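> Next comes final-v9.pdb, PDB, C-alpha atoms:
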```pdb
ATOM      1  CA  MET N   1      20.753  -0.273 -24.461
ATOM      2  CA  LEU N   2      20.800   3.406 -23.785
ATOM      3  CA  ASP N   3      20.919   4.532 -27.392
ATOM      4  CA  GLY N   4      17.151   4.488 -27.470
ATOM      5  CA  SER N   5      17.023   1.802 -30.149
ATOM      6  CA  SER N   6      15.668  -0.805 -27.766
ATOM      7  CA  VAL N   7      13.086   1.602 -26.441
ATOM      8  CA  ALA N   8       9.921   0.815 -28.306
ATOM      9  CA  PRO N   9       7.827   3.816 -29.256
ATOM     10  CA  PRO N  10       5.342   4.089 -26.426
ATOM     11  CA  ARG N  11       1.920   2.817 -27.356
ATOM     12  CA  ASP N  12      -0.974   4.474 -25.591
ATOM     13  CA  ASN N  13      -0.212   2.011 -22.864
ATOM     14  CA  GLY N  14       3.575   1.923 -23.013
ATOM     15  CA  GLU N  15       5.651  -1.027 -24.163
ATOM     16  CA  LEU N  16       5.075  -4.641 -23.271
ATOM     17  CA  VAL N  17       4.845  -4.740 -19.494
ATOM     18  CA  PHE N  18       6.120  -8.296 -19.032
ATOM     19  CA  GLU N  19       8.449 -10.198 -21.324
ATOM     20  CA  ALA N  20       7.465 -13.673 -20.157
ATOM     21  CA  PRO N  21       4.447 -15.141 -18.352
ATOM     22  CA  TRP N  22       6.475 -16.091 -15.249
ATOM     23  CA  GLN N  23       7.425 -12.439 -14.800
ATOM     24  CA  SER N  24       3.801 -11.393 -14.632
ATOM     25  CA  ARG N  25       3.023 -14.216 -12.187
ATOM     26  CA  ALA N  26       5.975 -13.248  -9.954
ATOM     27  CA  PHE N  27       4.744  -9.673 -10.007
ATOM     28  CA  GLY N  28       1.149 -10.697  -9.344
ATOM     29  CA  VAL N  29       2.024 -12.986  -6.435
ATOM     30  CA  ALA N  30       3.936 -10.170  -4.724
ATOM     31  CA  ALA N  31       1.142  -7.689  -5.387
ATOM     32  CA  ASP N  32      -1.522 -10.029  -4.030
ATOM     33  CA  LEU N  33       0.513 -10.637  -0.869
ATOM     34  CA  VAL N  34       0.755  -6.853  -0.457
ATOM     35  CA  ASP N  35      -2.978  -6.406  -1.095
ATOM     36  CA  SER N  36      -3.750  -9.098   1.479
ATOM     37  CA  GLU N  37      -1.430  -7.299   3.916
ATOM     38  CA  HIS N  38       1.160 -10.008   4.436
ATOM     39  CA  PHE N  39       3.796  -7.349   3.846
ATOM     40  CA  THR N  40       4.060  -3.856   2.395
ATOM     41  CA  TRP N  41       5.682  -2.739  -0.833
ATOM     42  CA  ASN N  42       8.248  -1.001   1.312
ATOM     43  CA  ASP N  43       9.138  -4.289   3.066
ATOM     44  CA  PHE N  44       9.452  -5.915  -0.331
ATOM     45  CA  ARG N  45      11.564  -3.054  -1.636
ATOM     46  CA  HIS N  46      14.194  -3.613   1.062
ATOM     47  CA  HIS N  47      14.675  -7.185  -0.112
ATOM     48  CA  LEU N  48      14.732  -6.133  -3.761
ATOM     49  CA  ILE N  49      17.390  -3.494  -3.071
ATOM     50  CA  ASP N  50      19.508  -6.117  -1.276
ATOM     51  CA  VAL N  51      19.246  -8.619  -4.125
ATOM     52  CA  ILE N  52      20.066  -6.004  -6.762
ATOM     53  CA  GLY N  53      22.958  -4.759  -4.642
ATOM     54  CA  GLU N  54      24.342  -8.290  -4.361
ATOM     55  CA  TRP N  55      24.181  -8.695  -8.146
ATOM     56  CA  GLU N  56      25.996  -5.391  -8.594
ATOM     57  CA  ALA N  57      28.717  -6.427  -6.151
ATOM     58  CA  LEU N  58      29.597  -9.567  -8.128
ATOM     59  CA  GLU N  59      32.785  -9.463 -10.179
ATOM     60  CA  GLY N  60      32.560  -9.608 -13.950
ATOM     61  CA  GLY N  61      33.137 -13.350 -14.410
ATOM     62  CA  GLU N  62      30.775 -14.385 -11.633
ATOM     63  CA  GLN N  63      28.049 -11.969 -12.536
ATOM     64  CA  PRO N  64      25.127 -13.579 -14.367
ATOM     65  CA  GLU N  65      23.434 -11.619 -17.100
ATOM     66  CA  TRP N  66      21.213  -8.872 -15.721
ATOM     67  CA  ASP N  67      17.644 -10.033 -15.260
ATOM     68  CA  TYR N  68      15.413  -7.738 -13.272
ATOM     69  CA  TYR N  69      12.628 -10.236 -12.680
ATOM     70  CA  SER N  70      15.087 -12.857 -11.437
ATOM     71  CA  CYS N  71      16.041 -10.321  -8.772
ATOM     72  CA  TRP N  72      12.349  -9.744  -8.136
ATOM     73  CA  LEU N  73      11.735 -13.470  -7.735
ATOM     74  CA  THR N  74      14.661 -13.894  -5.341
ATOM     75  CA  ALA N  75      13.395 -10.973  -3.258
ATOM     76  CA  LEU N  76       9.953 -12.568  -3.191
ATOM     77  CA  GLU N  77      11.383 -15.922  -2.077
ATOM     78  CA  ARG N  78      13.314 -14.238   0.694
ATOM     79  CA  ILE N  79      10.414 -12.247   2.043
ATOM     80  CA  VAL N  80       7.977 -15.182   2.112
ATOM     81  CA  ASN N  81      10.676 -17.245   3.781
ATOM     82  CA  SER N  82      11.526 -14.565   6.354
ATOM     83  CA  LEU N  83       7.849 -14.190   7.245
ATOM     84  CA  ALA N  84       7.527 -17.984   7.496
ATOM     85  CA  LEU N  85       4.775 -18.006   4.875
ATOM     86  CA  LEU N  86       6.750 -20.670   3.018
ATOM     87  CA  ASP N  87       9.848 -22.714   3.649
ATOM     88  CA  LEU N  88      12.282 -22.412   0.762
ATOM     89  CA  ALA N  89      12.990 -26.137   0.974
ATOM     90  CA  GLU N  90       9.367 -26.631  -0.117
ATOM     91  CA  VAL N  91       9.892 -24.327  -3.064
ATOM     92  CA  ASP N  92      13.074 -26.157  -4.041
ATOM     93  CA  ALA N  93      11.345 -29.518  -3.902
ATOM     94  CA  ARG N  94       8.293 -28.391  -5.852
ATOM     95  CA  ALA N  95      10.339 -26.518  -8.441
ATOM     96  CA  GLY N  96      12.438 -29.650  -8.902
ATOM     97  CA  LEU N  97       9.278 -31.664  -9.573
ATOM     98  CA  TYR N  98       8.019 -29.154 -12.109
ATOM     99  CA  ALA N  99      11.400 -28.949 -13.794
ATOM    100  CA  ALA N 100      11.481 -32.745 -14.110
ATOM    101  CA  ARG N 101       8.216 -32.900 -16.036
ATOM    102  CA  PRO N 102       8.517 -34.235 -19.564
ATOM    103  CA  HIS N 103       9.575 -31.600 -22.017
ATOM    104  CA  GLY N 104       6.666 -29.794 -23.594
ATOM    105  CA  HIS N 105       4.452 -30.269 -20.576
ATOM    106  CA  ASP N 106       2.328 -27.199 -20.380
ATOM    107  CA  HIS N 107       0.751 -26.912 -16.981
TER     108      HIS N 107
ATOM    109  CA  MET I 108      18.011 -41.551 -12.920
ATOM    110  CA  THR I 109      21.625 -41.128 -13.953
ATOM    111  CA  GLU I 110      23.931 -38.769 -12.170
ATOM    112  CA  LYS I 111      23.912 -36.489 -15.181
ATOM    113  CA  GLU I 112      20.119 -36.298 -15.290
ATOM    114  CA  ASP I 113      20.032 -35.696 -11.584
ATOM    115  CA  HIS I 114      22.380 -32.783 -11.982
ATOM    116  CA  ARG I 115      20.297 -31.393 -14.803
ATOM    117  CA  HIS I 116      17.145 -31.461 -12.725
ATOM    118  CA  GLU I 117      18.933 -29.750  -9.902
ATOM    119  CA  MET I 118      19.867 -26.959 -12.294
ATOM    120  CA  ASP I 119      16.353 -26.802 -13.727
ATOM    121  CA  SER I 120      14.837 -26.341 -10.286
ATOM    122  CA  GLN I 121      16.646 -23.004 -10.235
ATOM    123  CA  LEU I 122      14.906 -21.868 -13.428
ATOM    124  CA  PRO I 123      12.665 -18.894 -12.713
ATOM    125  CA  GLU I 124       9.731 -20.451 -14.589
ATOM    126  CA  ALA I 125       9.736 -23.522 -12.330
ATOM    127  CA  ARG I 126      10.386 -21.563  -9.142
ATOM    128  CA  THR I 127       7.656 -19.023  -9.833
ATOM    129  CA  GLU I 128       5.128 -21.743 -10.567
ATOM    130  CA  ALA I 129       6.157 -23.608  -7.413
ATOM    131  CA  LEU I 130       5.931 -20.470  -5.294
ATOM    132  CA  GLU I 131       2.512 -19.556  -6.639
ATOM    133  CA  ASP I 132       1.077 -23.063  -6.285
ATOM    134  CA  LEU I 133       2.355 -23.494  -2.722
ATOM    135  CA  LEU I 134       0.965 -20.135  -1.646
ATOM    136  CA  VAL I 135      -2.380 -20.953  -3.264
ATOM    137  CA  GLU I 136      -2.476 -24.338  -1.519
ATOM    138  CA  LYS I 137      -1.883 -22.612   1.811
ATOM    139  CA  GLY I 138      -4.680 -20.180   1.076
ATOM    140  CA  LEU I 139      -2.377 -17.156   1.231
ATOM    141  CA  ILE I 140      -3.021 -15.887  -2.286
ATOM    142  CA  ASP I 141      -5.823 -16.141  -4.783
ATOM    143  CA  ARG I 142      -5.242 -16.973  -8.441
ATOM    144  CA  ALA I 143      -8.252 -15.078  -9.739
ATOM    145  CA  ARG I 144      -7.191 -11.958  -7.868
ATOM    146  CA  ILE I 145      -3.716 -12.289  -9.354
ATOM    147  CA  ASP I 146      -5.176 -12.679 -12.844
ATOM    148  CA  SER I 147      -7.188  -9.490 -12.546
ATOM    149  CA  LEU I 148      -4.293  -7.654 -10.941
ATOM    150  CA  ILE I 149      -1.997  -8.517 -13.857
ATOM    151  CA  GLU I 150      -4.758  -7.573 -16.276
ATOM    152  CA  ARG I 151      -5.020  -4.169 -14.630
ATOM    153  CA  PHE I 152      -1.279  -3.491 -14.846
ATOM    154  CA  GLU I 153      -1.111  -4.693 -18.449
ATOM    155  CA  HIS I 154      -4.127  -2.827 -19.753
ATOM    156  CA  ASP I 155      -5.555  -0.196 -17.427
ATOM    157  CA  LEU I 156      -2.519   1.447 -15.884
ATOM    158  CA  GLY I 157      -0.131   3.247 -18.151
ATOM    159  CA  PRO I 158       1.342   6.521 -19.348
ATOM    160  CA  MET I 159      -2.009   7.689 -20.712
ATOM    161  CA  ILE I 160      -2.995   8.544 -17.142
ATOM    162  CA  GLY I 161      -0.038  10.874 -16.626
ATOM    163  CA  ALA I 162      -0.373  12.231 -20.164
ATOM    164  CA  ARG I 163      -3.909  13.431 -19.569
ATOM    165  CA  LEU I 164      -2.826  15.335 -16.460
ATOM    166  CA  VAL I 165       0.097  16.931 -18.304
ATOM    167  CA  ALA I 166      -2.175  18.002 -21.162
ATOM    168  CA  LYS I 167      -4.659  19.464 -18.712
ATOM    169  CA  ALA I 168      -1.832  21.311 -16.967
ATOM    170  CA  TRP I 169      -0.735  22.806 -20.297
ATOM    171  CA  LEU I 170      -4.268  24.030 -20.967
ATOM    172  CA  GLU I 171      -5.171  25.319 -17.522
ATOM    173  CA  PRO I 172      -2.509  27.339 -15.684
ATOM    174  CA  GLU I 173      -4.489  27.233 -12.467
ATOM    175  CA  PHE I 174      -4.663  23.443 -12.589
ATOM    176  CA  ARG I 175      -0.950  23.300 -13.358
ATOM    177  CA  ASP I 176      -0.102  25.377 -10.290
ATOM    178  CA  ARG I 177      -2.206  23.185  -8.031
ATOM    179  CA  LEU I 178      -0.883  19.980  -9.604
ATOM    180  CA  VAL I 179       2.694  21.033  -8.871
ATOM    181  CA  ALA I 180       2.026  22.484  -5.422
ATOM    182  CA  ASP I 181      -0.471  19.972  -4.082
ATOM    183  CA  THR I 182       0.034  16.873  -6.194
ATOM    184  CA  ASP I 183      -1.377  14.175  -3.928
ATOM    185  CA  GLN I 184      -4.557  16.114  -3.328
ATOM    186  CA  VAL I 185      -5.085  16.768  -7.050
ATOM    187  CA  LEU I 186      -4.448  13.120  -7.928
ATOM    188  CA  GLN I 187      -7.146  12.052  -5.498
ATOM    189  CA  GLU I 188      -9.556  14.588  -6.994
ATOM    190  CA  GLU I 189      -8.753  13.263 -10.469
ATOM    191  CA  ASN I 190      -9.491   9.705  -9.299
ATOM    192  CA  VAL I 191      -6.019   8.440 -10.079
ATOM    193  CA  SER I 192      -6.197   4.937  -8.649
ATOM    194  CA  GLY I 193      -3.434   3.886  -6.332
ATOM    195  CA  ALA I 194      -2.559   7.519  -5.742
ATOM    196  CA  GLN I 195      -3.185   7.117  -2.036
ATOM    197  CA  ILE I 196      -0.257   4.727  -1.630
ATOM    198  CA  GLU I 197       2.339   6.902  -3.356
ATOM    199  CA  HIS I 198       3.525  10.388  -2.607
ATOM    200  CA  VAL I 199       4.158  11.975  -5.982
ATOM    201  CA  GLU I 200       6.073  15.140  -6.777
ATOM    202  CA  ILE I 201       5.777  16.837 -10.144
ATOM    203  CA  LYS I 202       8.948  18.405 -11.521
ATOM    204  CA  ALA I 203       8.163  20.965 -14.205
ATOM    205  CA  ASN I 204      10.636  21.595 -16.988
ATOM    206  CA  GLU I 205      11.159  25.209 -17.972
ATOM    207  CA  PRO I 206      13.557  27.070 -20.222
ATOM    208  CA  GLY I 207      17.042  26.369 -18.854
ATOM    209  CA  ILE I 208      15.949  23.586 -16.477
ATOM    210  CA  HIS I 209      15.423  19.958 -17.427
ATOM    211  CA  ASN I 210      14.314  17.255 -14.979
ATOM    212  CA  VAL I 211      14.950  13.536 -15.240
ATOM    213  CA  VAL I 212      13.865  10.686 -12.948
ATOM    214  CA  VAL I 213      15.684   7.561 -11.804
ATOM    215  CA  CYS I 214      15.582   5.034  -8.993
ATOM    216  CA  THR I 215      19.215   4.333  -8.199
ATOM    217  CA  LEU I 216      18.590   1.435  -5.795
ATOM    218  CA  CYS I 217      15.824  -0.511  -7.498
ATOM    219  CA  SER I 218      12.847   0.420  -9.634
ATOM    220  CA  CYS I 219      10.580   2.880  -7.809
ATOM    221  CA  TYR I 220       8.303   4.581 -10.293
ATOM    222  CA  PRO I 221       4.944   6.397 -10.225
ATOM    223  CA  TRP I 222       2.809   3.338 -11.027
ATOM    224  CA  ALA I 223      -0.429   5.230 -10.547
ATOM    225  CA  LEU I 224       0.528   7.655 -13.325
ATOM    226  CA  LEU I 225       2.699   5.637 -15.696
ATOM    227  CA  GLY I 226       2.068   1.952 -14.992
ATOM    228  CA  LEU I 227       5.094  -0.300 -14.571
ATOM    229  CA  PRO I 228       8.495   0.985 -15.693
ATOM    230  CA  PRO I 229      10.153   0.004 -18.976
ATOM    231  CA  ALA I 230      13.100  -2.412 -18.892
ATOM    232  CA  TRP I 231      15.737   0.264 -19.486
ATOM    233  CA  TYR I 232      14.567   2.252 -16.451
ATOM    234  CA  LYS I 233      15.408  -0.755 -14.254
ATOM    235  CA  SER I 234      18.729  -1.505 -15.954
ATOM    236  CA  PRO I 235      21.975  -1.177 -13.955
ATOM    237  CA  GLU I 236      23.410   1.071 -16.693
ATOM    238  CA  TYR I 237      20.653   3.668 -16.551
ATOM    239  CA  ARG I 238      20.419   3.658 -12.757
ATOM    240  CA  ALA I 239      24.134   4.198 -12.309
ATOM    241  CA  ARG I 240      24.954   6.430 -15.213
ATOM    242  CA  VAL I 241      22.129   8.949 -15.342
ATOM    243  CA  VAL I 242      23.263  10.274 -11.975
ATOM    244  CA  ARG I 243      26.959  10.470 -12.905
ATOM    245  CA  GLU I 244      26.671  11.741 -16.448
ATOM    246  CA  PRO I 245      23.062  12.724 -17.158
ATOM    247  CA  ARG I 246      23.858  14.897 -20.176
ATOM    248  CA  LYS I 247      25.699  12.063 -21.914
ATOM    249  CA  VAL I 248      23.035   9.465 -21.112
ATOM    250  CA  LEU I 249      20.245  11.730 -22.353
ATOM    251  CA  GLU I 250      22.247  12.416 -25.491
ATOM    252  CA  GLU I 251      22.612   8.659 -26.080
ATOM    253  CA  MET I 252      18.872   8.272 -25.670
ATOM    254  CA  GLY I 253      18.309  10.923 -28.312
ATOM    255  CA  LEU I 254      17.778  14.014 -26.196
ATOM    256  CA  SER I 255      20.347  16.763 -26.767
ATOM    257  CA  LEU I 256      20.168  19.596 -24.291
ATOM    258  CA  GLU I 257      21.897  22.922 -24.638
ATOM    259  CA  ALA I 258      25.091  23.260 -22.639
ATOM    260  CA  GLU I 259      23.629  25.970 -20.437
ATOM    261  CA  THR I 260      20.536  23.938 -19.534
ATOM    262  CA  GLU I 261      20.704  22.744 -15.942
ATOM    263  CA  ILE I 262      19.836  19.046 -15.523
ATOM    264  CA  ARG I 263      18.183  18.009 -12.274
ATOM    265  CA  VAL I 264      18.189  14.294 -11.532
ATOM    266  CA  TRP I 265      15.545  13.057  -9.087
ATOM    267  CA  ASP I 266      16.192   9.807  -7.262
ATOM    268  CA  SER I 267      12.938   8.021  -6.419
ATOM    269  CA  SER I 268      12.343   6.283  -3.133
ATOM    270  CA  SER I 269       9.645   4.334  -1.416
ATOM    271  CA  GLU I 270       8.382   7.613   0.001
ATOM    272  CA  THR I 271       8.523   9.816  -3.068
ATOM    273  CA  ARG I 272       7.912   9.162  -6.753
ATOM    274  CA  PHE I 273       8.498  11.784  -9.407
ATOM    275  CA  LEU I 274       6.823  12.745 -12.655
ATOM    276  CA  VAL I 275       8.305  15.247 -15.074
ATOM    277  CA  LEU I 276       5.965  17.862 -16.505
ATOM    278  CA  PRO I 277       7.470  18.427 -19.948
ATOM    279  CA  GLU I 278       7.301  21.765 -21.723
ATOM    280  CA  ARG I 279       4.429  22.265 -24.109
ATOM    281  CA  PRO I 280       5.766  21.944 -27.644
ATOM    282  CA  ALA I 281       5.630  24.813 -30.110
ATOM    283  CA  GLY I 282       2.826  24.574 -32.619
ATOM    284  CA  SER I 283       0.403  22.942 -30.182
ATOM    285  CA  GLU I 284      -1.519  26.118 -29.317
ATOM    286  CA  HIS I 285      -4.655  25.147 -31.247
ATOM    287  CA  LEU I 286      -4.925  21.582 -29.934
ATOM    288  CA  GLU I 287      -7.593  20.118 -27.659
ATOM    289  CA  ILE I 288      -6.797  18.077 -24.578
ATOM    290  CA  GLU I 289      -7.007  14.656 -26.293
ATOM    291  CA  GLU I 290      -4.655  15.734 -29.067
ATOM    292  CA  LEU I 291      -2.274  17.292 -26.582
ATOM    293  CA  ALA I 292      -2.220  14.133 -24.466
ATOM    294  CA  GLU I 293      -1.052  12.158 -27.494
ATOM    295  CA  LEU I 294       2.093  14.294 -27.605
ATOM    296  CA  VAL I 295       2.965  13.413 -24.012
ATOM    297  CA  THR I 296       5.025  10.234 -24.178
ATOM    298  CA  ARG I 297       6.024   8.067 -21.263
ATOM    299  CA  ASP I 298       9.655   8.985 -21.880
ATOM    300  CA  SER I 299       8.868  12.697 -21.727
ATOM    301  CA  MET I 300       7.358  12.181 -18.271
ATOM    302  CA  ILE I 301      10.460  10.309 -17.098
ATOM    303  CA  GLY I 302      12.512  13.129 -18.550
ATOM    304  CA  VAL I 303      14.520  11.262 -21.187
ATOM    305  CA  ALA I 304      12.677  12.881 -24.087
ATOM    306  CA  ARG I 305      10.769  16.017 -24.965
ATOM    307  CA  ALA I 306       7.053  15.948 -25.626
ATOM    308  CA  GLN I 307       6.433  15.263 -29.296
ATOM    309  CA  THR I 308       5.711  18.116 -31.662
ATOM    310  CA  PRO I 309       2.368  18.114 -33.452
TER     311      PRO I 309
END
```
Can you turn what I pasted into structure tokens?

Amino acid sequence: MLDGSSVAPPRDNGELVFEAPWQSRAFGVAADLVDSEHFTWNDFRHHLIDVIGEWEALEGGEQPEWDYYSCWLTALERIVNSLALLDLAEVDARAGLYAARPHGHDH
Amino acid sequence: MTEKEDHRHEMDSQLPEARTEALEDLLVEKGLIDRARIDSLIERFEHDLGPMIGARLVAKAWLEPEFRDRLVADTDQVLQEENVSGAQIEHVEIKANEPGIHNVVVCTLCSCYPWALLGLPPAWYKSPEYRARVVREPRKVLEEMGLSLEAETEIRVWDSSSETRFLVLPERPAGSEHLEIEELAELVTRDSMIGVARAQTP
């Protein structure tokens, strides 16, 4: 990873910003909540640091593969839950519904 | 639904695709976020914000010593004057490389980065390996990324925070004396402004 081989030559705009659509949505949701002053980037950062720290503290066998935007998403879930914007039980239920859609369903 | 299918759906509800969609839809339904705003926000980060913003400032600093001095000494003020969007929410410090001193930027705890100047960070910048190792063994990490520094060059590692973001001002490459600002800016890569590469040579 650090040998530079995976580092694409920067285009005028840098490499691909998001690797999957859900990553851009997770970013955009957080950014819109910041823009609409539900919380600040600094508030969000505290949660993100916690989630990343928890991943780092896991032992080898229990540690899932590193995925930055999964950490981002978990931090986002925690902050909306802690501010009572959403109840995570609602997210679980809705995510379960979406996951149960027939394969190939595209929004 | 069989027990097996039930279990599978339980697992699937943990998939980030499903959770993100659920989170977004629920927040939209509650009127807390706006999909069109999110669309344009993503568009801006994908297309309008990026290293070309920092590169233009570096090129200008190479050409105009007076601008360079002000950029380093009074960065936030200069960024506002240059209409760098988002500059008001970040305090940026510019770390200028010089013979014998090389600067490199990291965020050890998460992924803080000068968005207003470089856009969003590349994946490797956020990786646990880079964040941990560049502090412990910067010379080795830079070497692995293709940047060999002389043994006597001092390496200064700057750890970003919510308060302060850093941008490296790379040294102007030899052979670039005759170039105009646009051509110079093309030599200034994102990586050179993070400090893991030199500016390209013409």
> Around the point (15.9, -8.9, -12.1), in the coordinates given by the file, pick out the residues reaching within 9 Å, counting only C-alpha atoms, and return them as a compact mmCIF listing (two decimals) with C-alpha atoms, in the coordinates of the input.

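Written file, point_20.txt:
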```
# COMPACT_ATOMS: atom_id res chain seq x y z
CA LEU N 48 14.73 -6.13 -3.76
CA VAL N 51 19.25 -8.62 -4.12
CA ILE N 52 20.07 -6.00 -6.76
CA TRP N 66 21.21 -8.87 -15.72
CA ASP N 67 17.64 -10.03 -15.26
CA TYR N 68 15.41 -7.74 -13.27
CA TYR N 69 12.63 -10.24 -12.68
CA SER N 70 15.09 -12.86 -11.44
CA CYS N 71 16.04 -10.32 -8.77
CA TRP N 72 12.35 -9.74 -8.14
CA LEU N 73 11.74 -13.47 -7.74
CA THR N 74 14.66 -13.89 -5.34
CA LYS I 233 15.41 -0.76 -14.25
CA SER I 234 18.73 -1.50 -15.95
```
> Counting all atoms listed in the file, which residues of chain I sit at most 8 Å from some atom of chain N, and what is each one's closest atom pair with its distance in Å to one decimal, listed by chain and rising residue number, as JSON lines?

```
{"residue": "I:His116", "atom": "CA", "partner": "N:Ala100", "partner_atom": "CA", "distance": 6.0}
{"residue": "I:Glu117", "atom": "CA", "partner": "N:Gly96", "partner_atom": "CA", "distance": 6.6}
{"residue": "I:Asp119", "atom": "CA", "partner": "N:Ala99", "partner_atom": "CA", "distance": 5.4}
{"residue": "I:Ser120", "atom": "CA", "partner": "N:Gly96", "partner_atom": "CA", "distance": 4.3}
{"residue": "I:Gln121", "atom": "CA", "partner": "N:Ala95", "partner_atom": "CA", "distance": 7.4}
{"residue": "I:Leu122", "atom": "CA", "partner": "N:Ala99", "partner_atom": "CA", "distance": 7.9}
{"residue": "I:Pro123", "atom": "CA", "partner": "N:Ser70", "partner_atom": "CA", "distance": 6.6}
{"residue": "I:Glu124", "atom": "CA", "partner": "N:Trp22", "partner_atom": "CA", "distance": 5.5}
{"residue": "I:Ala125", "atom": "CA", "partner": "N:Ala95", "partner_atom": "CA", "distance": 4.9}
{"residue": "I:Arg126", "atom": "CA", "partner": "N:Ala95", "partner_atom": "CA", "distance": 5.0}
{"residue": "I:Thr127", "atom": "CA", "partner": "N:Ala26", "partner_atom": "CA", "distance": 6.0}
{"residue": "I:Glu128", "atom": "CA", "partner": "N:Ala95", "partner_atom": "CA", "distance": 7.4}
{"residue": "I:Ala129", "atom": "CA", "partner": "N:Ala95", "partner_atom": "CA", "distance": 5.2}
{"residue": "I:Leu130", "atom": "CA", "partner": "N:Val91", "partner_atom": "CA", "distance": 6.0}
{"residue": "I:Glu131", "atom": "CA", "partner": "N:Val29", "partner_atom": "CA", "distance": 6.6}
{"residue": "I:Leu133", "atom": "CA", "partner": "N:Val91", "partner_atom": "CA", "distance": 7.6}
{"residue": "I:Leu134", "atom": "CA", "partner": "N:Leu86", "partner_atom": "CA", "distance": 7.5}
{"residue": "I:Leu139", "atom": "CA", "partner": "N:Leu33", "partner_atom": "CA", "distance": 7.4}
{"residue": "I:Ile140", "atom": "CA", "partner": "N:Asp32", "partner_atom": "CA", "distance": 6.3}
{"residue": "I:Asp141", "atom": "CA", "partner": "N:Asp32", "partner_atom": "CA", "distance": 7.5}
{"residue": "I:Arg144", "atom": "CA", "partner": "N:Asp32", "partner_atom": "CA", "distance": 7.1}
{"residue": "I:Ile145", "atom": "CA", "partner": "N:Gly28", "partner_atom": "CA", "distance": 5.1}
{"residue": "I:Asp146", "atom": "CA", "partner": "N:Gly28", "partner_atom": "CA", "distance": 7.5}
{"residue": "I:Leu148", "atom": "CA", "partner": "N:Gly28", "partner_atom": "CA", "distance": 6.4}
{"residue": "I:Ile149", "atom": "CA", "partner": "N:Gly28", "partner_atom": "CA", "distance": 5.9}
{"residue": "I:Phe152", "atom": "CA", "partner": "N:Val17", "partner_atom": "CA", "distance": 7.8}
{"residue": "I:Glu153", "atom": "CA", "partner": "N:Val17", "partner_atom": "CA", "distance": 6.0}
{"residue": "I:His154", "atom": "CA", "partner": "N:Asn13", "partner_atom": "CA", "distance": 7.0}
{"residue": "I:Asp155", "atom": "CA", "partner": "N:Asn13", "partner_atom": "CA", "distance": 7.9}
{"residue": "I:Leu156", "atom": "CA", "partner": "N:Asn13", "partner_atom": "CA", "distance": 7.4}
{"residue": "I:Gly157", "atom": "CA", "partner": "N:Asn13", "partner_atom": "CA", "distance": 4.9}
{"residue": "I:Pro158", "atom": "CA", "partner": "N:Asn13", "partner_atom": "CA", "distance": 5.9}
{"residue": "I:Met159", "atom": "CA", "partner": "N:Asp12", "partner_atom": "CA", "distance": 5.9}
{"residue": "I:Leu216", "atom": "CA", "partner": "N:Ile49", "partner_atom": "CA", "distance": 5.8}
{"residue": "I:Cys217", "atom": "CA", "partner": "N:Ile49", "partner_atom": "CA", "distance": 5.6}
{"residue": "I:Leu227", "atom": "CA", "partner": "N:Val17", "partner_atom": "CA", "distance": 6.6}
{"residue": "I:Pro228", "atom": "CA", "partner": "N:Val17", "partner_atom": "CA", "distance": 7.8}
{"residue": "I:Pro229", "atom": "CA", "partner": "N:Glu15", "partner_atom": "CA", "distance": 6.9}
{"residue": "I:Trp231", "atom": "CA", "partner": "N:Met1", "partner_atom": "CA", "distance": 7.1}
{"residue": "I:Lys233", "atom": "CA", "partner": "N:Tyr68", "partner_atom": "CA", "distance": 7.1}
{"residue": "I:Ser234", "atom": "CA", "partner": "N:Tyr68", "partner_atom": "CA", "distance": 7.6}
{"residue": "I:Pro235", "atom": "CA", "partner": "N:Glu56", "partner_atom": "CA", "distance": 7.9}
{"residue": "I:Glu236", "atom": "CA", "partner": "N:Leu2", "partner_atom": "CA", "distance": 7.9}
{"residue": "I:Tyr237", "atom": "CA", "partner": "N:Leu2", "partner_atom": "CA", "distance": 7.2}
{"residue": "I:Val248", "atom": "CA", "partner": "N:Leu2", "partner_atom": "CA", "distance": 7.0}
{"residue": "I:Glu251", "atom": "CA", "partner": "N:Asp3", "partner_atom": "CA", "distance": 4.6}
{"residue": "I:Met252", "atom": "CA", "partner": "N:Gly4", "partner_atom": "CA", "distance": 4.5}
{"residue": "I:Gly253", "atom": "CA", "partner": "N:Gly4", "partner_atom": "CA", "distance": 6.6}
{"residue": "I:Ser269", "atom": "CA", "partner": "N:Asn42", "partner_atom": "CA", "distance": 6.2}
{"residue": "I:Glu293", "atom": "CA", "partner": "N:Asp12", "partner_atom": "CA", "distance": 7.9}
{"residue": "I:Thr296", "atom": "CA", "partner": "N:Pro10", "partner_atom": "CA", "distance": 6.6}
{"residue": "I:Arg297", "atom": "CA", "partner": "N:Pro10", "partner_atom": "CA", "distance": 6.6}
{"residue": "I:Asp298", "atom": "CA", "partner": "N:Pro10", "partner_atom": "CA", "distance": 8.0}
```
> Work out how far apart atom CA of Leu294 of chain I and atom CA of Gln307 of chain I are and give it in Å to one decimal.
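Result for atom CA of Leu294 of chain I versus atom CA of Gln307 of chain I: 4.8 Å, one decimal.
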> Every residue with an atom at most 10 Å from (17.8, 21.0, -23.8) (file coordinates; only C-alpha atoms) is what I'm after, so could you write them as a ChimeraX atom specification?
/I:204-209,246,249-250,254-262,304-305
> Could you tell me how far atom CA of Val295 of chain I lies from atom CA of Glu278 of chain I, in Å and to one decimal?
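Atom CA of Val295 of chain I sits 9.7 Å away from atom CA of Glu278 of chain I.
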> Rounded to one decimal place, report the atom CA of Arg243 of chain I-atom CA of Asp266 of chain I distance in Å.
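About the pair atom CA of Arg243 of chain I and atom CA of Asp266 of chain I: they are 12.2 Å apart.
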> As a ChimeraX atom specification, please: the residues near segment 161-164 of chain I (cut-off 9 Å, all atoms listed in the file, same-chain neighbours under 4 positions excluded).
/I:157,168-169,175,178,186,189,223-225,274,288-289,291-297,300
